[in-house]
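Quick notes on the structure that follows.
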Amino acid sequence: MRRIWQSYKLWVRRRYLLWRAIRARHKLRVIQDRTSDIDETSILCVGCLRNEALRLPYFLEYHRRLGVTHFLFVDNDSDDGTVELLSGQPDVSLWSTGESYKQARFGLDWTTWLQLKYARGKWCLTLDADELLVFPFHETRTLRDLTLFLDETGQKAFGALMLDLYPEGPIDGADYRAGQDPLEVVPFFDHGPYRTVRQTPKENLWVQGGARERVFFADDPRRGPTLNKL
């Protein structure tokens with residue numbers, strides 16, 4: 001009975017979050033709509049952005065090489081040229097909003113709506129502009145290879161660890177230019193320790209540890225950032 005009750009509560013929670021996402025569509029204004037290019041074979045990338053013009057050139061290049069065929073972005077009031085940069089991209093559809101990022105569940109209401117409308121039945125990455133997906137054999141294999149493997153093994157999602165990178169010296173001394181491989185500037189990371197806990201009732205892995213916890217939460221590691229991503 002307890003498992004049935006937990007399953008019911010999760011069902012209700014999912015329906016509520018879907019309702020929020022559907023309602024949030026009214027807050028989005030179309031800047032560039034190229035979604036007619038999306039087909040059944042598309043691999044999508046969805047994200048919410050604010051003032052990411054510096055990071056986007058390499059982010060787009062990197063994930064195109066991996067096999068992303070179309071990007072769906074929500075811009076949250078950027079004023080650094082992000083909108084202009086993305087508007088000129090042939091594989092980008094772009095929406096804009098000036099609403100509160102926090103009140104939209106940190107952008108998830110907006111991106112969930114885009115996934116509901118355009119990503120059903122398709123593999124989709126959900127990334128921030130300062131994140132690069134790395135998976136086994138990514139140097140020689142593509143997202144198409146990865147998703148074929150996931151399909152063949154009956155997996156509907158791919159769990160990942162968010163790995164914080166940093167430079168050799170002070171962070172404010174790192175000099176990064178648009179289009180540059182970030183690993184040339186921030187090549188270091190903590191190899192451990194990382195802790196995992198299986199949470200209930202969702203049965204997801206909750207991961208903590210790494211550089212930010214070591215630097216900012218050494219006195220209370222329980223408050224360290226969550227590093228798991230789906």
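Letters A, B, ... go to the chains of the structure tokens in the order shown; residues in each chain start at 1; ligands are counted from 1 in the same order.
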
message: Considering only alpha helix (DSSP H) as DSSP defines it on the backbone, what residues of range 46-185 of chain A qualify? List them as a PyMOL selection string.
response: chain A and resi 56-66+82-87+108-118+143-152

Suppose we keep C-alpha atoms; can you now write the selection as a compact mmCIF listing (two decimals), in the first residue's frame?
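Just written: selection.txt:
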# COMPACT_ATOMS: atom_id res chain seq x y z
CA LEU A 56 27.85 29.68 -26.86
CA PRO A 57 30.18 29.48 -29.91
CA TYR A 58 32.10 26.50 -28.53
CA PHE A 59 28.99 24.99 -26.90
CA LEU A 60 27.18 24.91 -30.25
CA GLU A 61 30.21 23.62 -32.18
CA TYR A 62 30.92 20.89 -29.63
CA HIS A 63 27.39 19.48 -29.48
CA ARG A 64 26.92 19.69 -33.24
CA ARG A 65 29.99 17.49 -33.57
CA LEU A 66 28.45 15.05 -31.10
CA THR A 82 23.17 36.30 -26.96
CA VAL A 83 19.90 36.80 -28.89
CA GLU A 84 21.69 38.24 -31.91
CA LEU A 85 24.22 35.40 -31.91
CA LEU A 86 21.57 32.67 -31.75
CA SER A 87 19.22 34.33 -34.22
CA LEU A 108 12.23 24.16 -16.13
CA ASP A 109 8.65 25.27 -16.76
CA TRP A 110 9.76 26.90 -20.03
CA THR A 111 12.03 24.11 -21.26
CA THR A 112 9.50 21.43 -20.29
CA TRP A 113 6.92 23.12 -22.50
CA LEU A 114 9.34 23.08 -25.44
CA GLN A 115 10.01 19.40 -24.83
CA LEU A 116 6.28 18.64 -24.64
CA LYS A 117 5.65 20.40 -27.93
CA TYR A 118 8.71 19.43 -29.98
CA LEU A 143 25.02 10.75 -29.92
CA ARG A 144 23.39 8.59 -32.57
CA ASP A 145 25.57 5.69 -31.44
CA LEU A 146 24.77 6.42 -27.79
CA THR A 147 21.02 6.63 -28.31
CA LEU A 148 20.98 3.45 -30.41
CA PHE A 149 22.70 1.70 -27.49
CA LEU A 150 20.17 3.13 -25.03
CA ASP A 151 17.28 2.04 -27.28
CA GLU A 152 18.69 -1.47 -27.64

field: Shell of 7 Å around range 213-228 of chain A, only C-alpha atoms, local chain residues under 3 positions omitted, as a list in words
entry: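 Counting only the stated atoms, we get Ala160, Leu161, Met162, Trp206, Val207, Gln208, Gly209 and Gly210 of chain A.
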
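Straight-line separation from CA of Thr35 in chain A to CA of Leu54 in chain A: 24.9 Å.
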
task: Could you jot down the CA of Ser42 in chain A to CA of Lys122 in chain A separation for me, Å, one decimal place?
output: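 Atom-to-atom, CA of Ser42 in chain A to CA of Lys122 in chain A, that is 6.8 Å.
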
Atomic separation - CA of Val46 in chain A relative to CA of Cys124 in chain A, Å: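 Computing the Euclidean distance for CA of Cys124 in chain A and CA of Val46 in chain A yields 7.1 Å.
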
Shortest interatomic distance to Pro170 in chain A - which of A:Ala53, A:Met1, A:Leu125, A:Val185, counting only C-alpha atoms: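 Of A:Ala53, A:Met1, A:Leu125, A:Val185, the one nearest Pro170 in chain A, counting only C-alpha atoms, is A:Val185.
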
- request: Find the spatial neighbours of Leu49 in chain A, counting only C-alpha atoms, within a cut-off of 12 Å - ignore same-chain residues fewer than 6 positions away - and output them as an MDAnalysis selection string.
  value: chainID A and resid 55:56 72:83 86 94:98 101 106:108 110:111 126:131

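Residues of range 3-181 of chain A assigned to strand (DSSP E) by DSSP on this structure's backbone: A:Arg29, A:Val30, A:Ile31, A:Gln32, A:Leu44, A:Cys45, A:Val46, A:Gly47, A:Cys48, A:Leu49, A:His70, A:Phe71, A:Leu72, A:Phe73, A:Val74, A:Asp75, A:Val92, A:Ser93, A:Leu94, A:Trp95, A:Ser96, A:Cys124, A:Leu125, A:Thr126, A:Ala160, A:Leu161.
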
Mind writing the picked residues with N, CA and C atoms as a PDB file, in the first residue's frame?
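again22.pdb was written with the following content:
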ATOM      1  N   ARG A  29       7.982  34.341 -25.961  1.00  0.00           N
ATOM      2  CA  ARG A  29       7.810  35.073 -27.219  1.00  0.00           C
ATOM      3  C   ARG A  29       8.778  34.509 -28.251  1.00  0.00           C
ATOM      4  N   VAL A  30       8.279  34.156 -29.418  1.00  0.00           N
ATOM      5  CA  VAL A  30       9.108  33.555 -30.458  1.00  0.00           C
ATOM      6  C   VAL A  30      10.047  34.600 -31.058  1.00  0.00           C
ATOM      7  N   ILE A  31      11.340  34.280 -31.088  1.00  0.00           N
ATOM      8  CA  ILE A  31      12.331  35.103 -31.759  1.00  0.00           C
ATOM      9  C   ILE A  31      12.695  34.495 -33.111  1.00  0.00           C
ATOM     10  N   GLN A  32      12.919  33.185 -33.121  1.00  0.00           N
ATOM     11  CA  GLN A  32      13.248  32.480 -34.355  1.00  0.00           C
ATOM     12  C   GLN A  32      12.699  31.062 -34.262  1.00  0.00           C
ATOM     13  N   LEU A  44      17.775  16.446 -30.156  1.00  0.00           N
ATOM     14  CA  LEU A  44      17.580  17.839 -29.763  1.00  0.00           C
ATOM     15  C   LEU A  44      18.398  18.202 -28.535  1.00  0.00           C
ATOM     16  N   CYS A  45      18.617  19.507 -28.382  1.00  0.00           N
ATOM     17  CA  CYS A  45      19.226  20.058 -27.174  1.00  0.00           C
ATOM     18  C   CYS A  45      18.361  21.218 -26.716  1.00  0.00           C
ATOM     19  N   VAL A  46      17.962  21.205 -25.455  1.00  0.00           N
ATOM     20  CA  VAL A  46      17.085  22.230 -24.893  1.00  0.00           C
ATOM     21  C   VAL A  46      17.815  22.933 -23.759  1.00  0.00           C
ATOM     22  N   GLY A  47      17.673  24.269 -23.693  1.00  0.00           N
ATOM     23  CA  GLY A  47      18.332  24.984 -22.604  1.00  0.00           C
ATOM     24  C   GLY A  47      17.721  26.350 -22.379  1.00  0.00           C
ATOM     25  N   CYS A  48      17.971  26.877 -21.192  1.00  0.00           N
ATOM     26  CA  CYS A  48      17.561  28.229 -20.816  1.00  0.00           C
ATOM     27  C   CYS A  48      18.822  29.053 -20.606  1.00  0.00           C
ATOM     28  N   LEU A  49      18.879  30.260 -21.185  1.00  0.00           N
ATOM     29  CA  LEU A  49      20.112  31.031 -21.225  1.00  0.00           C
ATOM     30  C   LEU A  49      19.907  32.456 -20.736  1.00  0.00           C
ATOM     31  N   HIS A  70      19.290  19.898 -33.673  1.00  0.00           N
ATOM     32  CA  HIS A  70      18.514  21.128 -33.489  1.00  0.00           C
ATOM     33  C   HIS A  70      18.554  21.553 -32.024  1.00  0.00           C
ATOM     34  N   PHE A  71      18.664  22.874 -31.816  1.00  0.00           N
ATOM     35  CA  PHE A  71      18.714  23.454 -30.477  1.00  0.00           C
ATOM     36  C   PHE A  71      17.442  24.254 -30.223  1.00  0.00           C
ATOM     37  N   LEU A  72      16.858  24.067 -29.042  1.00  0.00           N
ATOM     38  CA  LEU A  72      15.685  24.814 -28.598  1.00  0.00           C
ATOM     39  C   LEU A  72      16.078  25.615 -27.363  1.00  0.00           C
ATOM     40  N   PHE A  73      16.144  26.942 -27.490  1.00  0.00           N
ATOM     41  CA  PHE A  73      16.630  27.783 -26.409  1.00  0.00           C
ATOM     42  C   PHE A  73      15.567  28.784 -25.970  1.00  0.00           C
ATOM     43  N   VAL A  74      15.542  29.047 -24.648  1.00  0.00           N
ATOM     44  CA  VAL A  74      14.784  30.163 -24.089  1.00  0.00           C
ATOM     45  C   VAL A  74      15.786  31.169 -23.557  1.00  0.00           C
ATOM     46  N   ASP A  75      15.728  32.400 -24.070  1.00  0.00           N
ATOM     47  CA  ASP A  75      16.597  33.459 -23.579  1.00  0.00           C
ATOM     48  C   ASP A  75      15.849  34.258 -22.520  1.00  0.00           C
ATOM     49  N   VAL A  92      18.910  26.582 -34.843  1.00  0.00           N
ATOM     50  CA  VAL A  92      18.458  27.058 -33.533  1.00  0.00           C
ATOM     51  C   VAL A  92      17.065  27.650 -33.655  1.00  0.00           C
ATOM     52  N   SER A  93      16.159  27.220 -32.752  1.00  0.00           N
ATOM     53  CA  SER A  93      14.879  27.895 -32.551  1.00  0.00           C
ATOM     54  C   SER A  93      14.954  28.591 -31.194  1.00  0.00           C
ATOM     55  N   LEU A  94      14.473  29.834 -31.158  1.00  0.00           N
ATOM     56  CA  LEU A  94      14.734  30.681 -29.991  1.00  0.00           C
ATOM     57  C   LEU A  94      13.466  31.376 -29.532  1.00  0.00           C
ATOM     58  N   TRP A  95      13.242  31.326 -28.216  1.00  0.00           N
ATOM     59  CA  TRP A  95      12.159  32.054 -27.572  1.00  0.00           C
ATOM     60  C   TRP A  95      12.754  32.992 -26.531  1.00  0.00           C
ATOM     61  N   SER A  96      11.990  34.008 -26.138  1.00  0.00           N
ATOM     62  CA  SER A  96      12.478  34.977 -25.164  1.00  0.00           C
ATOM     63  C   SER A  96      11.417  35.218 -24.096  1.00  0.00           C
ATOM     64  N   CYS A 124      16.727  13.834 -26.278  1.00  0.00           N
ATOM     65  CA  CYS A 124      16.879  15.268 -26.033  1.00  0.00           C
ATOM     66  C   CYS A 124      17.860  15.501 -24.894  1.00  0.00           C
ATOM     67  N   LEU A 125      18.844  16.354 -25.142  1.00  0.00           N
ATOM     68  CA  LEU A 125      19.757  16.797 -24.089  1.00  0.00           C
ATOM     69  C   LEU A 125      19.190  18.047 -23.432  1.00  0.00           C
ATOM     70  N   THR A 126      19.282  18.118 -22.104  1.00  0.00           N
ATOM     71  CA  THR A 126      18.928  19.336 -21.379  1.00  0.00           C
ATOM     72  C   THR A 126      20.200  19.856 -20.726  1.00  0.00           C
ATOM     73  N   ALA A 160      24.069  11.207 -15.490  1.00  0.00           N
ATOM     74  CA  ALA A 160      25.400  11.797 -15.634  1.00  0.00           C
ATOM     75  C   ALA A 160      25.832  12.489 -14.343  1.00  0.00           C
ATOM     76  N   LEU A 161      27.147  12.638 -14.206  1.00  0.00           N
ATOM     77  CA  LEU A 161      27.752  13.364 -13.099  1.00  0.00           C
ATOM     78  C   LEU A 161      28.192  14.732 -13.591  1.00  0.00           C
TER      79      LEU A 161
END
